[in-house]
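**Student:** Dropping the structure in here first, questions after.
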Amino acid sequence: MTNAEAAPVLQLSGIGKEFGAIRALHDVDMQVFPGEVVGLMGDNGAGKSTLVKIIAGNFRPSHGEIRFAGSAVHFNRPIDARTVGIEVVYQDLALADNLTAAANVFLGRELKRKFGPLALLDHKAMAARALELFGELRSETRPYDLVKQMSGGQRQAVAIARTRLSNARLVMMDEPTAAISVRQVEQVLSLIHRLKEQGVAVMLISHRMPDVFAVCDRVIVMRRGEKRADKAIHTTSPEEVTALITGAKEAA
Amino acid sequence: MTNAEAAPVLQLSGIGKEFGAIRALHDVDMQVFPGEVVGLMGDNGAGKSTLVKIIAGNFRPSHGEIRFAGSAVHFNRPIDARTVGIEVVYQDLALADNLTAAANVFLGRELKRKFGPLALLDHKAMAARALELFGELRSETRPYDLVKQMSGGQRQAVAIARTRLSNARLVMMDEPTAAISVRQVEQVLSLIHRLKEQGVAVMLISHRMPDVFAVCDRVIVMRRGEKRADKAIHTTSPEEVTALITGAKEAA
Amino acid sequence: QTYKFAIVPKAMNNPFFDVARDGCLKRAKELGNVECIYKGPVEHEPATQAQIIQDFVTQKVDGLAISVADVAAMTKSIEAATAAGIPVITFDADAPGSKRIAYIGTNNKDFGLALGKQLAQLKPEGGKYAIVSGGPGAKNLAERVDGVRESLKGTKWVEVQGSPTFCNDDPALAIQQMADLRTATPDLGAIVPIGGWPMFAPEGYKAFVNKNKKDIDAGKFTLVVADTLKMQLELLRDGYSNALTGQRPFEMGEKSMDTLLAIKKGGKVPEVIYTGLDLVTKDNVAQMLK
Amino acid sequence: MAMQLESPVSFSNVGEIKWWRRGIFASQTGYVLLALLVLMVVMHFASPYFFTQGNMQNVAKNFSFIAIATLGVTFVIITGGIDLSVGSLMCFSAMITSMVMSGLSTPGMPGASLFVHLAADGKTVVANLPGLILVVSIVAGLAVAFLVGLVNGFCIAVLGLSPFVTTLGMLSIVRGLGYVVSNGRGSFPGGPDADYFYALTSGDVLGVPAPFIYLVILALTMAVVLHHTSFGRHVFALGGNEKAAELTGIPVVRVKIEVYVICALAAGLQGIIISGWLGSAPANMATSYELNVIAAAVIGGANLAGGIGGPLGAIVGCVLLEVIRNGLVLAQVNSYWQQTLVGVIIILAVLVDRIRSRMT
Amino acid sequence: MAMQLESPVSFSNVGEIKWWRRGIFASQTGYVLLALLVLMVVMHFASPYFFTQGNMQNVAKNFSFIAIATLGVTFVIITGGIDLSVGSLMCFSAMITSMVMSGLSTPGMPGASLFVHLAADGKTVVANLPGLILVVSIVAGLAVAFLVGLVNGFCIAVLGLSPFVTTLGMLSIVRGLGYVVSNGRGSFPGGPDADYFYALTSGDVLGVPAPFIYLVILALTMAVVLHHTSFGRHVFALGGNEKAAELTGIPVVRVKIEVYVICALAAGLQGIIISGWLGSAPANMATSYELNVIAAAVIGGANLAGGIGGPLGAIVGCVLLEVIRNGLVLAQVNSYWQQTLVGVIIILAVLVDRIRSRMT
Ligand SMILES: Nc1ncnc2c1ncn2[C@@H]1O[C@H](COP(=O)(O)OP(=O)(O)OP(=O)(O)O)[C@@H](O)[C@H]1O
Ligand SMILES: Nc1ncnc2c1ncn2[C@@H]1O[C@H](COP(=O)(O)OP(=O)(O)OP(=O)(O)O)[C@@H](O)[C@H]1O
Ligand SMILES: [Mg+2]
Ligand SMILES: [Mg+2]
């Protein structure tokens, strides 16, 4: 599936990011192809989330260029990235605690019904669709409950459900399985498989080695802001990746 | 190690908790003995965190009784639980974003130096000790950095480091390894081992089956607020636990 | 029969109206069959005053004496009260075109003229002067400013830029502004506060005067202040100002009760009752303080 | 999919929420409403005039006078902001409306010839098209409010200034401009359309004061907007978690500007209505009303931290403040004690809600 | 430990932060300070008298008058609260102090015989122990402030009421009580100790006004308390994440009560100092100062959302407000425009900081 013949959907070159004196990213190049699942691994603070946020238009990179679907892009705000077809599950989930689960799933993309010139929210339809999405994830999450009162895993299910609403071209998931329970993990992995089948590119950030090796075509390892390895999954092993993450092995 | 001869350090009987119409916990009994590591598993929203919060004095149970070290206790505030020797790593980490990592580790237990009648904060000593603790966890976390700017795993390391400051009798960790990377996971597990050796009781909540089976003496499975199983680790298997979590198997 | 008369000040936080209230209470006690209710907005704000009048109408008091916060607004309120059969008079600040039966108080224009005249008499040689006023919205204060300006027009006194300053009836701010005015124009010849504000803070006022004592003694700096509250008279006696011009709020309070009672009894009252002005200088201060 | 559905996703541990624990019955608004009813009963015993028809009309009118502005400020509070400039803006909009109205009705003033002409007697001013001046002047008043709201919104949303500082600055700016344009004097509605103006602002329909009718209409509209449009949803999301709102692609900047504009328009309209009732727009009108308006919203249950609030709460808060004010005057409480009591009652009213949340 | 140390924990991707990007240089306080300096230069050109010694003394004195209260309110703001009662409390404490002072100095008043006696001439009042009355009356003034702070803190920390509503109610209560105790008249310090009182409040030491000296001492103390004691650390933690503070065992209730008490004491002290300078405690003293005080803190960089703030910022904010006020009078700007300009300059001053954060 890791096909050099197709044009990459995402292409980063020389991406760097400094926060004051912290060099969170340095000279990162990478490509992601349609229908490819790329695992992004690395130690805590390696810069994975920062990279995701840069691609998603959340931060501006200090250096480097992003090309999406062939053309250079400059996202000023997350909505810009969303518009071209990038969906993100953020590590901190980005939920509005005072709203219900259904409202959070549809935030910024509410379903509406026309009443003459008025477009009013279609609460019922949104709740029904949200329940359906939670069901797909096997998550016991009630659409009308406030997110504030939810357990960690229910919150994560809400954040994941969001990405299912649009026809994205690239889905980035920043540790989507951190808080969820065994059976939902399987659902998320099978969701990734389905995305891949639909030709969507997926970037999965995870600290769970088995998950990465179960779904990814390729794994990229980051260390202290730099890309240390970029290997097809069948050419590497969990042991090698662990060594790369911890720094026991410098690069591969 | 699961010794019936010693007195349990923690004993719950008939614990129940309702949030409005949600029955988050129902009639939960359990015991934890000194030097024992108990795994608490369950689906998302099963009530694990709620149970931890009740034991930690964060919520009052709607029903039931808690006995700690032999005597019935009623914790009104978290500080009460901390005073008797209960340390908790909360799932949402409980960090003050506007403070540094070192300040967060020592929150509520600051180190001080006496200047005559004045007791001023000993910033240096706290930073040094925090760095040491982060080092023990193999986490690249800088004591003087603001927690606001930290990566998910660095934040978790800060929360875990806190529990190392006191001589606790019971340490409860609510998904301590969710956000941290492979090498820190090993450190956390070895930390749990050390606690066990010192005779400290540990309650580990995790969705990671391998971790639970690596360190726990006993595993308790919750489902929809009820305790479904309570088994010594060598009498069960990951498959059985998974079935209990998902509800495929009703109880054991 | 007993009567309930309400006396409504422009702002309760102004000591001036406390004196009017005391006059009203004293007179009510003397009359015996009259009750004096004192109630107004805390700050100088017309809409709140209008609402209070409305409440008094609902309560069916027997008469209203109002210090008008805003002419047009009160004209309507007075009309409503009159329609409900409650006689209304005004005191201190008038609403000339309204249905009020009488006005008791000072002629503010005359007040300003008197202040100006005092200054011109004290220092005919003239110079630069500045005015300190209370709030830009108050009509009676605007009339006083006009009066001061008018009476100084033909003289050698000229007003500086940035005058009047507005202290929002805050004594501390009034003194700060006086200090600033003096700093801004070191050869400033006079300051005319058209209300007693700076002197309501006697020590701060003294501190300000002491800094300029040399100029005052040399006749280079003159202070003519409005109002004649007790503390102001004492300050004048002790040489902290050159002249005072005062209204008679106590008398306004007394006369309000008398007038309302007369109206209730069916008597005829004059439409405008000026309570007059007290012109005080060193010469007659001792007598005023008695 | 590989995995078999061992156990269906269901909610066996979740019951039905009792109706008295849902919606308004579980909100601060509901409990403050309860406190309000108690207070009204107390006031009834304190003064026989309290429950007279005339007084109820007064109360209805008086609270409508700040309630419209409170609706506006509630929008801002829900997003987690604050607007201190409402009091000044009420005055300024009212002033502009009356100045335009008088100006256009004065033959000889620029543009006036388009709107009025002198009657045959050479004195009476007659409108060319009755009502036109009224419309133009109200539009002018609302237009300045719109501008002020736009500037507030721009500074806060685009430049990222703190709402407190921005609107405090604006409080000062707008009040100052009011003095400048009227030369400190304030202004009066005048001309042939003034009577329509008075009828629209201080008239009543079958005994119901006109401002109260406007209030009801606006409050209903607001309820629909907040709960049934995506704009309303975005307003809540912004208050709940601004970061998340931004990340999920909500046009945060636009929504923020819009709420400040709405708030300014509400304040402007409110000021225009008050000036119609007063028959004047004095330069110190509505001084320090901002605190009352914000207090009313907060007492009614809006949360200054953002994310919570609504029209019913705004209205309940305003009614409570007005009943306290009116009731204490009617009960003939000593004026100096009144202010103290106002404070005590405000605190007691919100305390009722805390007692509820303690009990559950 | 099982695992071998393959790679040491180190921070190879972290450089040294340049000094000009650290501490005050990276804070709003620093940039508002910059704006202040620019403003002062502008004022210097607008009026040659601005930088005279006399005027600088005035500025120093005037801003010290609100700065002490601002220090107190900064504590509250750092915890994420707000205190609207400071203005009223300034007045009330001052009033109690002068009433006690005059009362104890009037032979015949209850308790006065313990403190004063009549001199041989039968008229002059002589203190039994000079200074004692002063101490007692200041303690009385601070004691009421303490009580008010305690009530505020109790309502907010224990009962869980919103700080805005509670302190707004308290604003009204305390102002009302001021009217009640003085019957609307205010009060004056008097008696044999009044001169000491005046010396302590409006005197100066080598040309430095006394209030300024108190301010400096209090600000330094505050800096130490905030950054070098556990109380200070807890104050910040509370503002950063109240939930977390509670969970980590910080005595949240106690800390909250303490900050409101500190704030009230600061306001009380401030009021007493002002009344000493004024020579009177009028009933409308410090009306609506609460907005100035909070604005000063916020302009200086304190964040109303909590977690950020400090004494330097509070002082910078106060100086800025005073320089604007003083400078505009000195520059002889038309008074109607002054108010507008005050607002504009406030907004511009905080804008400077935003430009900085845009650039990095
Ligand atoms: N807003 C910020 N300001 C300053 N430093 C930041 C900021 N965000 C991240 N950093 C720093 O950048 C580095 C990379 O952080 P990042 O969140 O990308 O790590 P990560 O690889 O996602 O780690 P984790 O696995 O723990 O989530 C960290 O050292 C972090 O402290
Ligand atoms: N404060 C609250 N108010 C109302 N409902 C709550 C509250 N806290 C938790 N709940 C509900 O109680 C149930 C149990 O939540 P809890 O957080 O204990 O689950 P958990 O087992 O920790 O799940 P996870 O593995 O996802 O962390 C959930 O249905 C949740 O929605
Ligand atoms: Mg991350
Ligand atoms: Mg949990």
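Identifiers for the structure tokens are assigned positionally: chains receive A, B, ... in sequence, residues are indexed from 1 per chain, and ligands are indexed from 1 in the order shown.
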With only C-alpha atoms and all ligand atoms counted, collect every polymer residue having an atom within 8 Å of ligand 4; state the result as a compact mmCIF listing (two decimals) with C-alpha atoms, in the first residue's frame.
**Tutor:**
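Just written: part.txt:
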# COMPACT_ATOMS: atom_id res chain seq x y z
CA SER A 151 -15.51 9.39 32.26
CA GLY A 152 -12.15 9.71 30.55
CA GLY A 153 -12.91 7.07 27.96
CA ALA A 179 -8.05 6.34 27.83
CA ASN B 44 -15.30 3.15 30.05
CA GLY B 45 -17.81 4.60 32.44
CA GLY B 47 -17.20 3.61 37.68
CA LYS B 48 -13.50 3.05 38.35
CA SER B 49 -12.55 6.69 38.65
CA THR B 50 -15.63 7.36 40.72
CA GLN B 91 -6.94 10.47 35.75
CA ASP B 174 -5.85 6.07 37.81
CA GLU B 175 -4.44 5.17 34.39
**Student:** Can you list, as a ChimeraX atom specification, every residue of stretch 33-219 of chain E that DSSP puts in alpha helix (DSSP H)?
**Tutor:** /E:33-46,53-78,86-104,132-153,163-182,194-202,210-219
**Student:** Residues within 9 Å of ligand 1 should be enumerated using only C-alpha atoms and all ligand atoms and returned as a PyMOL selection string.
**Tutor:** (chain A and resi 17-25+41-53+59+91+174-175+205-207+222-225) or (chain B and resi 140-142+145-156+179-181) or (chain E and resi 11+13-14)
**Student:** Find the residues in chain B near chain E: any atom within 6 Å counts, using only C-alpha atoms. Write them as a PyMOL selection string.
**Tutor:** chain B and resi 78-79+94-98+108+120-121+140
**Student:** Filtering to C-alpha atoms, could you give me those residues as a compact mmCIF listing (two decimals), in the first residue's frame?
**Tutor:**
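After the write, selection_12.txt holds the following:
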# COMPACT_ATOMS: atom_id res chain seq x y z
CA PRO B 78 -9.07 15.10 49.78
CA ILE B 79 -6.67 16.43 52.40
CA ALA B 94 -4.91 17.65 38.87
CA LEU B 95 -2.17 20.03 37.79
CA ALA B 96 -2.10 23.80 38.13
CA ASP B 97 -1.16 24.87 34.62
CA ASN B 98 0.25 28.24 35.63
CA GLY B 108 0.63 21.44 49.38
CA LEU B 120 10.49 30.70 52.97
CA LEU B 121 10.22 28.32 50.05
CA GLU B 140 12.66 14.35 30.20
**Student:** Just the number, please: distance in Å from atom 20 (P, counted along the ligand's line) of ligand 2 to atom CA of B:Gly85, one decimal.
**Tutor:**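 Calculated distance between atom 20 (P, counted along the ligand's line) of ligand 2 and atom CA of B:Gly85 is 23.4 Å.
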**Student:** Write out as a count of residues only the residues lying within 9 Å of stretch 346-348 of chain E, counting only C-alpha atoms and excluding same-chain residues fewer than 2 positions away.
**Tutor:** 20
**Student:** Counting only C-alpha atoms, which residue out of D:Leu84, D:Ala281, D:Leu33, D:Val125 sits closest to chain C?
**Tutor:**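 Residue with the minimum atom-to-atom distance to chain C: D:Ala281.
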**Student:** Please compute the atom CA of C:Leu115-atom CA of C:Gln161 distance, one decimal, in Å.
**Tutor:**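 About the pair atom CA of C:Leu115 and atom CA of C:Gln161: they are 19.7 Å apart.
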**Student:** Which residues are near stretch 107-111 of chain E? Cut-off 12 Å, only C-alpha atoms, ignore same chain within fewer than 6 positions. Put them as a PyMOL selection string.
**Tutor:** chain E and resi 99-101+117-119+122-128+133+136+191-192
**Student:** Mind dumping the selected residues with C-alpha atoms as a PDB file, in the first residue's frame?
**Tutor:**
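Result saved to out_9.pdb:
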ATOM      1  CA  MET E  99     -15.582  58.319  64.546  1.00  0.00           C
ATOM      2  CA  VAL E 100     -13.686  56.297  67.109  1.00  0.00           C
ATOM      3  CA  MET E 101     -10.952  58.892  67.179  1.00  0.00           C
ATOM      4  CA  HIS E 117      -8.888  64.233  80.408  1.00  0.00           C
ATOM      5  CA  LEU E 118      -9.517  67.939  80.391  1.00  0.00           C
ATOM      6  CA  ALA E 119      -6.615  70.272  80.891  1.00  0.00           C
ATOM      7  CA  GLY E 122     -11.400  73.140  81.452  1.00  0.00           C
ATOM      8  CA  LYS E 123     -11.514  73.234  77.689  1.00  0.00           C
ATOM      9  CA  THR E 124      -8.462  71.739  76.065  1.00  0.00           C
ATOM     10  CA  VAL E 125      -8.644  67.973  75.738  1.00  0.00           C
ATOM     11  CA  VAL E 126      -5.413  66.215  76.661  1.00  0.00           C
ATOM     12  CA  ALA E 127      -4.613  62.631  75.884  1.00  0.00           C
ATOM     13  CA  ASN E 128      -3.700  60.419  78.834  1.00  0.00           C
ATOM     14  CA  ILE E 133      -6.244  56.936  70.741  1.00  0.00           C
ATOM     15  CA  VAL E 136      -7.109  52.233  69.014  1.00  0.00           C
ATOM     16  CA  GLY E 191      -9.032  65.116  69.198  1.00  0.00           C
ATOM     17  CA  PRO E 192      -5.520  65.410  70.507  1.00  0.00           C
TER      18      PRO E 192
END
**Student:** Can you tell me which residues surround stretch 231-238 of chain A at a distance of at most 8 Å, considering only C-alpha atoms, apart from same-chain residues fewer than 6 positions away, and format the answer as a ChimeraX atom specification?
**Tutor:** /A:2,209,213,216-220
**Student:** Determine, counting only C-alpha atoms, which protein, DNA and RNA residues have an atom within 12 Å of an atom of E:Gln339; residues of the same chain fewer than 3 positions away are not included. Present the result as a PyMOL selection string.
**Tutor:** (chain C and resi 135-136+165-168) or (chain D and resi 88+168-180+184) or (chain E and resi 321+324-325+328-329+333-336+342-346)
**Student:** Excluding same-chain residues fewer than 6 positions from C:Thr106, what lies within 10 Å of it counting only C-alpha atoms, as a ChimeraX atom specification?
**Tutor:** /C:91-94,140,246-249,252,272-277
**Student:** Distance limit 6 Å, atoms considered: only C-alpha atoms. Which chain D residues sit that close to chain C? Return them as JSON, numbers by chain.
**Tutor:** {"D": [184, 185, 278, 279, 280, 283, 284, 285, 335]}
**Student:** Would you mind exporting C-alpha atoms of the selected residues as an mmCIF file, in the first residue's frame?
**Tutor:**
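This went into part22.cif:
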data_model
loop_
_atom_site.group_PDB
_atom_site.id
_atom_site.type_symbol
_atom_site.label_atom_id
_atom_site.label_comp_id
_atom_site.auth_asym_id
_atom_site.auth_seq_id
_atom_site.Cartn_x
_atom_site.Cartn_y
_atom_site.Cartn_z
ATOM 1 C CA GLY D 184 -22.296 68.418 28.568
ATOM 2 C CA ARG D 185 -25.931 69.294 28.345
ATOM 3 C CA LEU D 278 -37.716 60.213 30.519
ATOM 4 C CA GLY D 279 -38.402 62.600 27.670
ATOM 5 C CA SER D 280 -34.736 63.482 27.693
ATOM 6 C CA ALA D 283 -25.515 63.400 29.925
ATOM 7 C CA ASN D 284 -25.328 61.490 33.178
ATOM 8 C CA MET D 285 -28.084 59.073 32.318
ATOM 9 C CA SER D 335 -33.243 55.230 53.118
#
**Student:** Which one is closest to ligand 2: A:Gly14, A:Asp122, A:Ala157, A:Ile54? Count only C-alpha atoms and all ligand atoms.
**Tutor:**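 The answer is A:Ala157, which sits nearest to ligand 2.
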**Student:** My list of candidates is A:Gln198, A:Ser166, A:Ser139, A:Gln11. Which is closest to ligand 2 when distances are computed with only C-alpha atoms and all ligand atoms?
**Tutor:**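 Residue with the minimum atom-to-atom distance to ligand 2: A:Ser139.
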**Student:** Could you pull out all residues of stretch 15-210 of chain C with a DSSP call of strand (DSSP E) and give them as a ChimeraX atom specification?
**Tutor:** /C:34-38,63-66,88-91,102-105,127-133,157-159,165-166,188-193
**Student:** For a quick check of understanding, using only C-alpha atoms and all ligand atoms, which of B:Tyr90, B:Phe75, B:Phe68, B:Phe33 has the smallest distance to ligand 2?
**Tutor:**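 Nearest to ligand 2: B:Tyr90.
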